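Have a look at input_22.pdb below; it lists PDB, C-alpha atoms.
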```pdb
ATOM      1  CA  MET A   1     125.236  17.359 -60.981  1.00  0.00           C
ATOM      2  CA  SER A   2     125.506  15.373 -57.753  1.00  0.00           C
ATOM      3  CA  GLY A   3     125.891  11.636 -57.415  1.00  0.00           C
ATOM      4  CA  ALA A   4     122.376  11.409 -55.970  1.00  0.00           C
ATOM      5  CA  THR A   5     120.954  13.212 -59.012  1.00  0.00           C
ATOM      6  CA  LEU A   6     122.903  11.032 -61.411  1.00  0.00           C
ATOM      7  CA  LEU A   7     121.593   7.969 -59.644  1.00  0.00           C
ATOM      8  CA  ARG A   8     118.034   8.874 -60.675  1.00  0.00           C
ATOM      9  CA  MET A   9     118.855   7.836 -64.238  1.00  0.00           C
ATOM     10  CA  ALA A  10     117.119   4.564 -65.012  1.00  0.00           C
ATOM     11  CA  PHE A  11     119.210   1.448 -65.530  1.00  0.00           C
ATOM     12  CA  ALA A  12     117.955  -1.865 -66.920  1.00  0.00           C
ATOM     13  CA  PRO A  13     117.863  -4.937 -64.647  1.00  0.00           C
ATOM     14  CA  VAL A  14     121.034  -6.985 -64.743  1.00  0.00           C
ATOM     15  CA  PRO A  15     121.016 -10.469 -66.341  1.00  0.00           C
ATOM     16  CA  ARG A  16     122.748 -12.753 -63.864  1.00  0.00           C
ATOM     17  CA  ALA A  17     124.759 -14.518 -66.597  1.00  0.00           C
ATOM     18  CA  SER A  18     126.946 -11.435 -67.096  1.00  0.00           C
ATOM     19  CA  VAL A  19     126.588  -9.075 -64.181  1.00  0.00           C
ATOM     20  CA  SER A  20     129.825  -7.118 -64.522  1.00  0.00           C
ATOM     21  CA  ASP A  21     129.515  -6.895 -68.322  1.00  0.00           C
ATOM     22  CA  HIS A  22     126.025  -5.450 -67.998  1.00  0.00           C
ATOM     23  CA  VAL A  23     127.049  -2.817 -65.441  1.00  0.00           C
ATOM     24  CA  PHE A  24     130.095  -1.922 -67.527  1.00  0.00           C
ATOM     25  CA  GLY A  25     128.071  -1.614 -70.738  1.00  0.00           C
ATOM     26  CA  GLN A  26     125.406   0.634 -69.273  1.00  0.00           C
ATOM     27  CA  LEU A  27     127.891   2.948 -67.583  1.00  0.00           C
ATOM     28  CA  ARG A  28     130.080   3.064 -70.697  1.00  0.00           C
ATOM     29  CA  ASP A  29     127.122   4.016 -72.892  1.00  0.00           C
ATOM     30  CA  ALA A  30     125.957   6.625 -70.390  1.00  0.00           C
ATOM     31  CA  ILE A  31     129.399   8.268 -70.437  1.00  0.00           C
ATOM     32  CA  VAL A  32     129.917   8.118 -74.197  1.00  0.00           C
ATOM     33  CA  SER A  33     126.417   9.412 -74.924  1.00  0.00           C
ATOM     34  CA  GLY A  34     127.009  12.428 -72.693  1.00  0.00           C
ATOM     35  CA  ARG A  35     124.566  11.546 -69.924  1.00  0.00           C
ATOM     36  CA  TYR A  36     127.583  11.761 -67.646  1.00  0.00           C
ATOM     37  CA  GLN A  37     129.670  14.815 -68.536  1.00  0.00           C
ATOM     38  CA  PRO A  38     133.470  15.114 -68.173  1.00  0.00           C
ATOM     39  CA  ASP A  39     134.580  16.011 -64.637  1.00  0.00           C
ATOM     40  CA  GLU A  40     131.312  14.836 -63.093  1.00  0.00           C
ATOM     41  CA  THR A  41     131.548  12.306 -60.272  1.00  0.00           C
ATOM     42  CA  LEU A  42     129.825   8.961 -60.608  1.00  0.00           C
ATOM     43  CA  PRO A  43     127.759   7.664 -57.680  1.00  0.00           C
ATOM     44  CA  GLY A  44     129.743   5.579 -55.214  1.00  0.00           C
ATOM     45  CA  GLU A  45     130.117   1.823 -55.391  1.00  0.00           C
ATOM     46  CA  ARG A  46     127.423   1.246 -52.784  1.00  0.00           C
ATOM     47  CA  GLU A  47     124.907   3.457 -54.633  1.00  0.00           C
ATOM     48  CA  LEU A  48     125.660   1.879 -57.996  1.00  0.00           C
ATOM     49  CA  ALA A  49     125.398  -1.606 -56.522  1.00  0.00           C
ATOM     50  CA  GLY A  50     121.981  -0.695 -55.157  1.00  0.00           C
ATOM     51  CA  ALA A  51     120.828   0.857 -58.449  1.00  0.00           C
ATOM     52  CA  PHE A  52     121.879  -2.221 -60.443  1.00  0.00           C
ATOM     53  CA  ALA A  53     120.891  -4.682 -57.692  1.00  0.00           C
ATOM     54  CA  VAL A  54     124.332  -6.329 -57.845  1.00  0.00           C
ATOM     55  CA  ASN A  55     127.182  -6.800 -55.414  1.00  0.00           C
ATOM     56  CA  ARG A  56     129.948  -4.226 -55.090  1.00  0.00           C
ATOM     57  CA  HIS A  57     132.499  -6.565 -56.649  1.00  0.00           C
ATOM     58  CA  ALA A  58     130.617  -6.422 -59.967  1.00  0.00           C
ATOM     59  CA  VAL A  59     130.550  -2.626 -59.801  1.00  0.00           C
ATOM     60  CA  ARG A  60     134.247  -2.467 -58.906  1.00  0.00           C
ATOM     61  CA  GLU A  61     135.133  -4.681 -61.883  1.00  0.00           C
ATOM     62  CA  ALA A  62     133.023  -2.533 -64.214  1.00  0.00           C
ATOM     63  CA  LEU A  63     134.718   0.642 -62.976  1.00  0.00           C
ATOM     64  CA  ARG A  64     138.133  -0.958 -63.483  1.00  0.00           C
ATOM     65  CA  ARG A  65     137.273  -1.682 -67.121  1.00  0.00           C
ATOM     66  CA  LEU A  66     135.958   1.850 -67.619  1.00  0.00           C
ATOM     67  CA  GLN A  67     139.233   3.191 -66.276  1.00  0.00           C
ATOM     68  CA  GLN A  68     141.200   0.979 -68.677  1.00  0.00           C
ATOM     69  CA  LEU A  69     139.214   2.464 -71.578  1.00  0.00           C
ATOM     70  CA  GLY A  70     140.040   5.988 -70.466  1.00  0.00           C
ATOM     71  CA  LEU A  71     136.449   6.846 -69.516  1.00  0.00           C
ATOM     72  CA  VAL A  72     136.892   7.419 -65.786  1.00  0.00           C
ATOM     73  CA  ARG A  73     139.597   8.021 -63.209  1.00  0.00           C
ATOM     74  CA  VAL A  74     139.294   6.431 -59.770  1.00  0.00           C
ATOM     75  CA  SER A  75     140.974   8.583 -57.125  1.00  0.00           C
ATOM     76  CA  GLN A  76     142.675   7.451 -53.958  1.00  0.00           C
ATOM     77  CA  GLY A  77     139.642   8.428 -51.912  1.00  0.00           C
ATOM     78  CA  GLY A  78     137.414   6.198 -53.974  1.00  0.00           C
ATOM     79  CA  ALA A  79     135.628   8.890 -55.979  1.00  0.00           C
ATOM     80  CA  THR A  80     135.211   8.075 -59.663  1.00  0.00           C
ATOM     81  CA  ARG A  81     135.450  11.068 -61.983  1.00  0.00           C
ATOM     82  CA  VAL A  82     134.277  10.983 -65.609  1.00  0.00           C
ATOM     83  CA  LEU A  83     136.909  11.735 -68.277  1.00  0.00           C
ATOM     84  CA  ASP A  84     136.391  13.195 -71.736  1.00  0.00           C
ATOM     85  CA  TRP A  85     136.599  10.163 -74.073  1.00  0.00           C
ATOM     86  CA  ARG A  86     137.691  12.464 -76.916  1.00  0.00           C
ATOM     87  CA  VAL A  87     140.857  13.203 -74.950  1.00  0.00           C
ATOM     88  CA  HIS A  88     141.592  10.005 -73.042  1.00  0.00           C
ATOM     89  CA  ALA A  89     140.113   7.033 -74.948  1.00  0.00           C
ATOM     90  CA  GLY A  90     141.666   5.030 -77.775  1.00  0.00           C
ATOM     91  CA  LEU A  91     140.676   2.517 -80.433  1.00  0.00           C
ATOM     92  CA  ASP A  92     139.798  -0.012 -77.745  1.00  0.00           C
ATOM     93  CA  LEU A  93     136.733   2.091 -76.844  1.00  0.00           C
ATOM     94  CA  MET A  94     135.504   1.967 -80.411  1.00  0.00           C
ATOM     95  CA  LEU A  95     136.111  -1.770 -80.575  1.00  0.00           C
ATOM     96  CA  SER A  96     134.259  -2.298 -77.295  1.00  0.00           C
ATOM     97  CA  LEU A  97     131.252  -0.424 -78.632  1.00  0.00           C
ATOM     98  CA  THR A  98     131.251  -2.208 -81.980  1.00  0.00           C
ATOM     99  CA  GLN A  99     131.440  -5.645 -80.380  1.00  0.00           C
ATOM    100  CA  SER A 100     128.371  -4.835 -78.294  1.00  0.00           C
ATOM    101  CA  GLY A 101     126.407  -3.553 -81.285  1.00  0.00           C
ATOM    102  CA  ASP A 102     126.897   0.140 -80.501  1.00  0.00           C
ATOM    103  CA  VAL A 103     128.916   2.867 -82.190  1.00  0.00           C
ATOM    104  CA  LEU A 104     130.368   6.165 -81.047  1.00  0.00           C
ATOM    105  CA  PRO A 105     127.882   9.058 -81.225  1.00  0.00           C
ATOM    106  CA  VAL A 106     129.814  10.693 -84.057  1.00  0.00           C
ATOM    107  CA  ALA A 107     127.995  11.355 -87.330  1.00  0.00           C
ATOM    108  CA  THR A 108     131.193  11.122 -89.401  1.00  0.00           C
ATOM    109  CA  LEU A 109     132.491   7.895 -87.845  1.00  0.00           C
ATOM    110  CA  VAL A 110     132.299   5.811 -91.032  1.00  0.00           C
ATOM    111  CA  ARG A 111     134.195   8.456 -92.969  1.00  0.00           C
ATOM    112  CA  ASP A 112     136.726   8.938 -90.163  1.00  0.00           C
ATOM    113  CA  MET A 113     137.605   5.263 -89.822  1.00  0.00           C
ATOM    114  CA  LEU A 114     137.853   4.680 -93.562  1.00  0.00           C
ATOM    115  CA  GLU A 115     140.231   7.651 -93.716  1.00  0.00           C
ATOM    116  CA  MET A 116     142.323   6.091 -90.954  1.00  0.00           C
ATOM    117  CA  ARG A 117     142.314   2.774 -92.823  1.00  0.00           C
ATOM    118  CA  ALA A 118     143.535   4.577 -95.941  1.00  0.00           C
ATOM    119  CA  CYS A 119     146.343   6.353 -94.088  1.00  0.00           C
ATOM    120  CA  VAL A 120     147.613   3.104 -92.566  1.00  0.00           C
ATOM    121  CA  GLY A 121     147.147   1.071 -95.741  1.00  0.00           C
ATOM    122  CA  ILE A 122     148.863   3.504 -98.106  1.00  0.00           C
ATOM    123  CA  ASP A 123     152.012   3.761 -96.024  1.00  0.00           C
ATOM    124  CA  ALA A 124     151.966   0.045 -95.161  1.00  0.00           C
ATOM    125  CA  ALA A 125     151.928  -0.753 -98.895  1.00  0.00           C
ATOM    126  CA  ARG A 126     154.944   1.499 -99.456  1.00  0.00           C
ATOM    127  CA  LEU A 127     156.850  -0.053 -96.567  1.00  0.00           C
ATOM    128  CA  CYS A 128     155.933  -3.590 -97.624  1.00  0.00           C
ATOM    129  CA  ALA A 129     157.408  -2.920-101.082  1.00  0.00           C
ATOM    130  CA  GLU A 130     160.576  -1.517 -99.517  1.00  0.00           C
ATOM    131  CA  ARG A 131     160.984  -3.934 -96.600  1.00  0.00           C
ATOM    132  CA  GLY A 132     159.080  -7.103 -97.430  1.00  0.00           C
ATOM    133  CA  ASP A 133     161.096 -10.261 -97.992  1.00  0.00           C
ATOM    134  CA  PRO A 134     160.646 -12.199-101.264  1.00  0.00           C
ATOM    135  CA  ALA A 135     158.538 -14.932 -99.646  1.00  0.00           C
ATOM    136  CA  LEU A 136     156.053 -12.436 -98.243  1.00  0.00           C
ATOM    137  CA  THR A 137     155.776 -10.313-101.373  1.00  0.00           C
ATOM    138  CA  ALA A 138     155.224 -13.485-103.408  1.00  0.00           C
ATOM    139  CA  ALA A 139     152.420 -14.365-100.990  1.00  0.00           C
ATOM    140  CA  VAL A 140     150.862 -10.946-101.653  1.00  0.00           C
ATOM    141  CA  VAL A 141     150.857 -11.664-105.393  1.00  0.00           C
ATOM    142  CA  ARG A 142     149.213 -15.062-104.811  1.00  0.00           C
ATOM    143  CA  ALA A 143     146.654 -13.436-102.522  1.00  0.00           C
ATOM    144  CA  ALA A 144     145.807 -10.932-105.266  1.00  0.00           C
ATOM    145  CA  GLU A 145     145.183 -13.769-107.734  1.00  0.00           C
ATOM    146  CA  GLU A 146     143.050 -15.670-105.237  1.00  0.00           C
ATOM    147  CA  TYR A 147     141.151 -12.449-104.649  1.00  0.00           C
ATOM    148  CA  ALA A 148     140.599 -11.970-108.395  1.00  0.00           C
ATOM    149  CA  ALA A 149     139.139 -15.451-108.723  1.00  0.00           C
ATOM    150  CA  LEU A 150     136.320 -14.545-106.339  1.00  0.00           C
ATOM    151  CA  ALA A 151     134.909 -11.656-108.401  1.00  0.00           C
ATOM    152  CA  PRO A 152     132.117 -10.578-108.418  1.00  0.00           C
ATOM    153  CA  ASP A 153     131.157 -12.277-105.117  1.00  0.00           C
ATOM    154  CA  LEU A 154     131.417  -9.206-102.864  1.00  0.00           C
ATOM    155  CA  PRO A 155     131.080 -10.908 -99.452  1.00  0.00           C
ATOM    156  CA  ARG A 156     133.840 -13.421-100.281  1.00  0.00           C
ATOM    157  CA  MET A 157     135.951 -10.694-101.852  1.00  0.00           C
ATOM    158  CA  ALA A 158     135.642  -8.642 -98.657  1.00  0.00           C
ATOM    159  CA  GLU A 159     137.082 -11.575 -96.657  1.00  0.00           C
ATOM    160  CA  ALA A 160     139.895 -12.114 -99.161  1.00  0.00           C
ATOM    161  CA  ASN A 161     140.590  -8.379 -99.134  1.00  0.00           C
ATOM    162  CA  ILE A 162     141.285  -8.562 -95.409  1.00  0.00           C
ATOM    163  CA  ALA A 163     143.628 -11.524 -95.918  1.00  0.00           C
ATOM    164  CA  MET A 164     145.581  -9.675 -98.617  1.00  0.00           C
ATOM    165  CA  TRP A 165     145.901  -6.514 -96.561  1.00  0.00           C
ATOM    166  CA  ARG A 166     146.979  -8.486 -93.510  1.00  0.00           C
ATOM    167  CA  LEU A 167     149.950  -9.749 -95.535  1.00  0.00           C
ATOM    168  CA  ILE A 168     150.742  -6.217 -96.693  1.00  0.00           C
ATOM    169  CA  VAL A 169     150.599  -4.757 -93.190  1.00  0.00           C
ATOM    170  CA  ARG A 170     152.737  -7.603 -91.848  1.00  0.00           C
ATOM    171  CA  GLY A 171     155.224  -6.964 -94.621  1.00  0.00           C
ATOM    172  CA  SER A 172     155.478  -3.307 -93.630  1.00  0.00           C
ATOM    173  CA  GLY A 173     157.296  -4.359 -90.472  1.00  0.00           C
ATOM    174  CA  ASN A 174     155.404  -1.707 -88.486  1.00  0.00           C
ATOM    175  CA  THR A 175     153.921  -3.085 -85.274  1.00  0.00           C
ATOM    176  CA  ALA A 176     151.756  -0.012 -84.654  1.00  0.00           C
ATOM    177  CA  TYR A 177     150.194  -0.417 -88.102  1.00  0.00           C
ATOM    178  CA  LEU A 178     149.581  -4.113 -87.438  1.00  0.00           C
ATOM    179  CA  LEU A 179     147.821  -3.436 -84.130  1.00  0.00           C
ATOM    180  CA  SER A 180     145.706  -0.698 -85.713  1.00  0.00           C
ATOM    181  CA  PHE A 181     144.793  -3.052 -88.551  1.00  0.00           C
ATOM    182  CA  ASN A 182     143.768  -5.731 -86.058  1.00  0.00           C
ATOM    183  CA  SER A 183     141.494  -3.248 -84.282  1.00  0.00           C
ATOM    184  CA  LEU A 184     139.918  -2.145 -87.555  1.00  0.00           C
ATOM    185  CA  VAL A 185     139.271  -5.704 -88.675  1.00  0.00           C
ATOM    186  CA  ALA A 186     137.996  -6.883 -85.296  1.00  0.00           C
ATOM    187  CA  GLY A 187     135.456  -4.056 -85.307  1.00  0.00           C
ATOM    188  CA  THR A 188     134.207  -4.709 -88.855  1.00  0.00           C
ATOM    189  CA  LEU A 189     136.328  -1.737 -89.923  1.00  0.00           C
ATOM    190  CA  ALA A 190     135.331  -0.375 -86.517  1.00  0.00           C
ATOM    191  CA  VAL A 191     132.413   1.489 -87.999  1.00  0.00           C
ATOM    192  CA  GLY A 192     129.578  -0.842 -87.115  1.00  0.00           C
ATOM    193  CA  ASP A 193     128.459  -2.291 -90.434  1.00  0.00           C
ATOM    194  CA  VAL A 194     129.789  -1.239 -93.846  1.00  0.00           C
ATOM    195  CA  PRO A 195     128.263  -3.818 -96.222  1.00  0.00           C
ATOM    196  CA  PRO A 196     130.578  -5.105 -98.973  1.00  0.00           C
ATOM    197  CA  ASP A 197     128.331  -3.629-101.663  1.00  0.00           C
ATOM    198  CA  SER A 198     128.962  -0.190-100.205  1.00  0.00           C
ATOM    199  CA  ARG A 199     132.659  -0.735-101.006  1.00  0.00           C
ATOM    200  CA  ALA A 200     132.022  -2.113-104.502  1.00  0.00           C
ATOM    201  CA  ALA A 201     134.166   0.529-106.205  1.00  0.00           C
ATOM    202  CA  GLU A 202     137.149  -0.685-104.174  1.00  0.00           C
ATOM    203  CA  LEU A 203     136.440  -4.399-103.990  1.00  0.00           C
ATOM    204  CA  LEU A 204     135.585  -4.890-107.667  1.00  0.00           C
ATOM    205  CA  ASP A 205     138.735  -3.144-108.857  1.00  0.00           C
ATOM    206  CA  VAL A 206     140.536  -6.452-109.352  1.00  0.00           C
ATOM    207  CA  ALA A 207     143.067  -4.908-111.729  1.00  0.00           C
ATOM    208  CA  GLY A 208     143.934  -2.329-109.082  1.00  0.00           C
ATOM    209  CA  HIS A 209     144.652  -5.057-106.544  1.00  0.00           C
ATOM    210  CA  ARG A 210     146.867  -6.826-109.078  1.00  0.00           C
ATOM    211  CA  ARG A 211     148.761  -3.602-109.796  1.00  0.00           C
ATOM    212  CA  LEU A 212     149.270  -3.088-106.073  1.00  0.00           C
ATOM    213  CA  ALA A 213     150.610  -6.618-105.603  1.00  0.00           C
ATOM    214  CA  ALA A 214     152.911  -6.298-108.631  1.00  0.00           C
ATOM    215  CA  ALA A 215     154.375  -3.023-107.362  1.00  0.00           C
ATOM    216  CA  ILE A 216     155.035  -4.563-103.962  1.00  0.00           C
ATOM    217  CA  ALA A 217     156.703  -7.615-105.506  1.00  0.00           C
ATOM    218  CA  ALA A 218     158.879  -5.305-107.658  1.00  0.00           C
ATOM    219  CA  GLY A 219     159.963  -3.303-104.599  1.00  0.00           C
ATOM    220  CA  GLN A 220     158.419  -0.106-105.986  1.00  0.00           C
ATOM    221  CA  GLY A 221     157.323   1.725-102.846  1.00  0.00           C
ATOM    222  CA  THR A 222     156.060   4.901-104.513  1.00  0.00           C
ATOM    223  CA  ALA A 223     153.987   2.958-107.038  1.00  0.00           C
ATOM    224  CA  ALA A 224     152.613   0.663-104.319  1.00  0.00           C
ATOM    225  CA  ALA A 225     151.486   3.685-102.299  1.00  0.00           C
ATOM    226  CA  ARG A 226     149.836   5.188-105.379  1.00  0.00           C
ATOM    227  CA  HIS A 227     147.896   2.019-106.164  1.00  0.00           C
ATOM    228  CA  ALA A 228     146.911   1.603-102.507  1.00  0.00           C
ATOM    229  CA  ARG A 229     145.617   5.176-102.433  1.00  0.00           C
ATOM    230  CA  ALA A 230     143.475   4.567-105.515  1.00  0.00           C
ATOM    231  CA  LEU A 231     141.892   1.532-103.862  1.00  0.00           C
ATOM    232  CA  LEU A 232     141.465   2.829-100.327  1.00  0.00           C
ATOM    233  CA  THR A 233     140.040   6.210-101.299  1.00  0.00           C
ATOM    234  CA  ALA A 234     137.462   4.784-103.712  1.00  0.00           C
ATOM    235  CA  PRO A 235     133.993   6.185-103.015  1.00  0.00           C
ATOM    236  CA  VAL A 236     131.846   4.352-100.476  1.00  0.00           C
ATOM    237  CA  THR A 237     128.379   4.017-101.985  1.00  0.00           C
ATOM    238  CA  THR A 238     125.562   1.523-102.324  1.00  0.00           C
ATOM    239  CA  PRO A 239     125.256   0.494-105.989  1.00  0.00           C
ATOM    240  CA  THR A 240     121.811  -0.438-107.255  1.00  0.00           C
ATOM    241  CA  THR A 241     123.233  -3.256-109.386  1.00  0.00           C
ATOM    242  CA  ALA A 242     126.490  -5.170-109.287  1.00  0.00           C
ATOM    243  CA  PRO A 243     128.668  -5.369-112.400  1.00  0.00           C
ATOM    244  CA  SER A 244     128.067  -8.612-114.253  1.00  0.00           C
ATOM    245  CA  GLY A 245     131.631  -9.250-115.372  1.00  0.00           C
ATOM    246  CA  ARG A 246     134.394 -11.014-113.523  1.00  0.00           C
ATOM    247  CA  GLU A 247     136.236  -7.717-113.116  1.00  0.00           C
ATOM    248  CA  ALA A 248     134.721  -4.303-112.618  1.00  0.00           C
ATOM    249  CA  ARG A 249     137.821  -2.591-113.926  1.00  0.00           C
ATOM    250  CA  ALA A 250     140.194  -4.402-116.276  1.00  0.00           C
TER     251      ALA A 250
END
```

Show the structure stored in the file as structure tokens.
Amino acid sequence: MSGATLLRMAFAPVPRASVSDHVFGQLRDAIVSGRYQPDETLPGERELAGAFAVNRHAVREALRRLQQLGLVRVSQGGATRVLDWRVHAGLDLMLSLTQSGDVLPVATLVRDMLEMRACVGIDAARLCAERGDPALTAAVVRAAEEYAALAPDLPRMAEANIAMWRLIVRGSGNTAYLLSFNSLVAGTLAVGDVPPDSRAAELLDVAGHRRLAAAIAAGQGTAAARHARALLTAPVTTPTTAPSGREARA
């Protein structure tokens, strides 16, 4: 498909308050949705500027951001070639989409990201038990008790759950895990919107969170990983009614 043909695709008028953001967002969505296929060449800067009715600087900035996300490659001659996001993009693409109210066009995205969260969390819990200093592991125990006091308020428990896991991931001493955790949290688990009641089986297991914290404080890495697995692989559903007690599982 030629650049002239690609240019026939309709683009929405650009709001002047955020010209570059608008150009970037539309091109990003067109690439991720498959309207622009890998190895195709985008129209040139002049053509894109005309299509969006913006100056070339705004287009150039948008293309630079697309290149940073791994969606395009700008060659020396100025041609911009589309890359396969499944090969070249990272978590920052997913975060960019989530922050703008979009998600990747992948039917299993919720499942995939919760599985990634589980993989990071399980090993981070083990490492926190083995590496965490006494002050940090004591903070995890306090966080678990503060978490328990919020049951059965799922929205508040979801916030406290993030705070507790942030301590655990920090205690793991693994920078890659910490950065992944930050991306997951910044993107609302990076799956668009997973309401707290959909995670009720995990969030309302107050006893499980206490067992996890106790294992970490005792330096029991294997036990901490086991308790983390039980929490992070709990089924994601939408319950019709919330348990009435302070703890769903004693």

Ranking A:Ala53, A:Ile168, A:Val110, A:Ala234 by minimum distance to Arg131 of chain A and counting only C-alpha atoms, which one comes first?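 For Arg131 of chain A, the nearest of the given residues is A:Ile168.
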
Any idea what's packed within 9 Å of Ala143 of chain A, counting only C-alpha atoms, ignoring anything in its chain fewer than 4 positions away? Could you give it as an MDAnalysis selection string? chainID A and resid 138:139 147:148 160:161 163:164 167 213

Which polymer residues have any atom within 9 Å of an atom of Asp123 of chain A, counting all atoms listed in the file, with same-chain residues fewer than 5 positions away left out, as a list in words?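 The filter keeps Ala118, Cys128, Ser172, Gly221, Ala224, Ala225 and Ala228 of chain A.
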
Counting only C-alpha atoms, what are the residues of segment 150-189 of chain A within 9 Å of segment 80-91 of chain A, and for each of them which pair of atoms is the nearest and at what distance in Å, to one decimal? Sort the table by chain and rising number, as CSV.
```
residue,atom,partner,partner_atom,distance
A:Ser180,CA,A:Leu91,CA,8.0
A:Ser183,CA,A:Leu91,CA,7.0
A:Leu184,CA,A:Leu91,CA,8.5
```

For the selection you just gave me, I'd like the residues written to a file as a compact mmCIF listing (two decimals), keeping the file's coordinate frame, keeping C-alpha atoms.
```txt
# COMPACT_ATOMS: atom_id res chain seq x y z
CA SER A 180 145.71 -0.70 -85.71
CA SER A 183 141.49 -3.25 -84.28
CA LEU A 184 139.92 -2.14 -87.56
```

Mind giving me the axis-aligned box for segment 54-71 of chain A with 3 Å on every side, centre plus edges in Å to one decimal, as JSON?
```
{"center_x": 132.8, "center_y": 0.0, "center_z": -63.3, "size_x": 22.9, "size_y": 19.6, "size_z": 22.5}
```

Could you spell out the hits of the PyMOL selection byres ((chain A and resi 207) around 12) on the shown file, as a compact mmCIF listing (two decimals) with C-alpha atoms, keeping the file's coordinate frame?
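What landed in selection_27.txt:
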```txt
# COMPACT_ATOMS: atom_id res chain seq x y z
CA ALA A 144 145.81 -10.93 -105.27
CA GLU A 145 145.18 -13.77 -107.73
CA TYR A 147 141.15 -12.45 -104.65
CA ALA A 148 140.60 -11.97 -108.40
CA ALA A 149 139.14 -15.45 -108.72
CA ALA A 151 134.91 -11.66 -108.40
CA ALA A 201 134.17 0.53 -106.20
CA GLU A 202 137.15 -0.68 -104.17
CA LEU A 203 136.44 -4.40 -103.99
CA LEU A 204 135.58 -4.89 -107.67
CA ASP A 205 138.74 -3.14 -108.86
CA VAL A 206 140.54 -6.45 -109.35
CA GLY A 208 143.93 -2.33 -109.08
CA HIS A 209 144.65 -5.06 -106.54
CA ARG A 210 146.87 -6.83 -109.08
CA ARG A 211 148.76 -3.60 -109.80
CA LEU A 212 149.27 -3.09 -106.07
CA ALA A 213 150.61 -6.62 -105.60
CA ALA A 214 152.91 -6.30 -108.63
CA HIS A 227 147.90 2.02 -106.16
CA ALA A 228 146.91 1.60 -102.51
CA ALA A 230 143.48 4.57 -105.52
CA LEU A 231 141.89 1.53 -103.86
CA ARG A 246 134.39 -11.01 -113.52
CA GLU A 247 136.24 -7.72 -113.12
CA ALA A 248 134.72 -4.30 -112.62
CA ARG A 249 137.82 -2.59 -113.93
CA ALA A 250 140.19 -4.40 -116.28
```

Straight-line distance linking atom CA of Leu66 of chain A with atom CA of Leu42 of chain A, stated in Å to one decimal: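 Distance between the two atoms: 11.7 Å.
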
My list of candidates is A:Met157, A:Leu136, A:Leu150, A:Cys119. Which is closest to Arg226 of chain A when distances are computed with all atoms listed in the file?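 Selected residue with least distance to Arg226 of chain A: A:Cys119.
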
Separating atom CA of Glu61 of chain A from atom CA of Phe24 of chain A, to the nearest tenth of an Å, is a gap of 8.1 Å
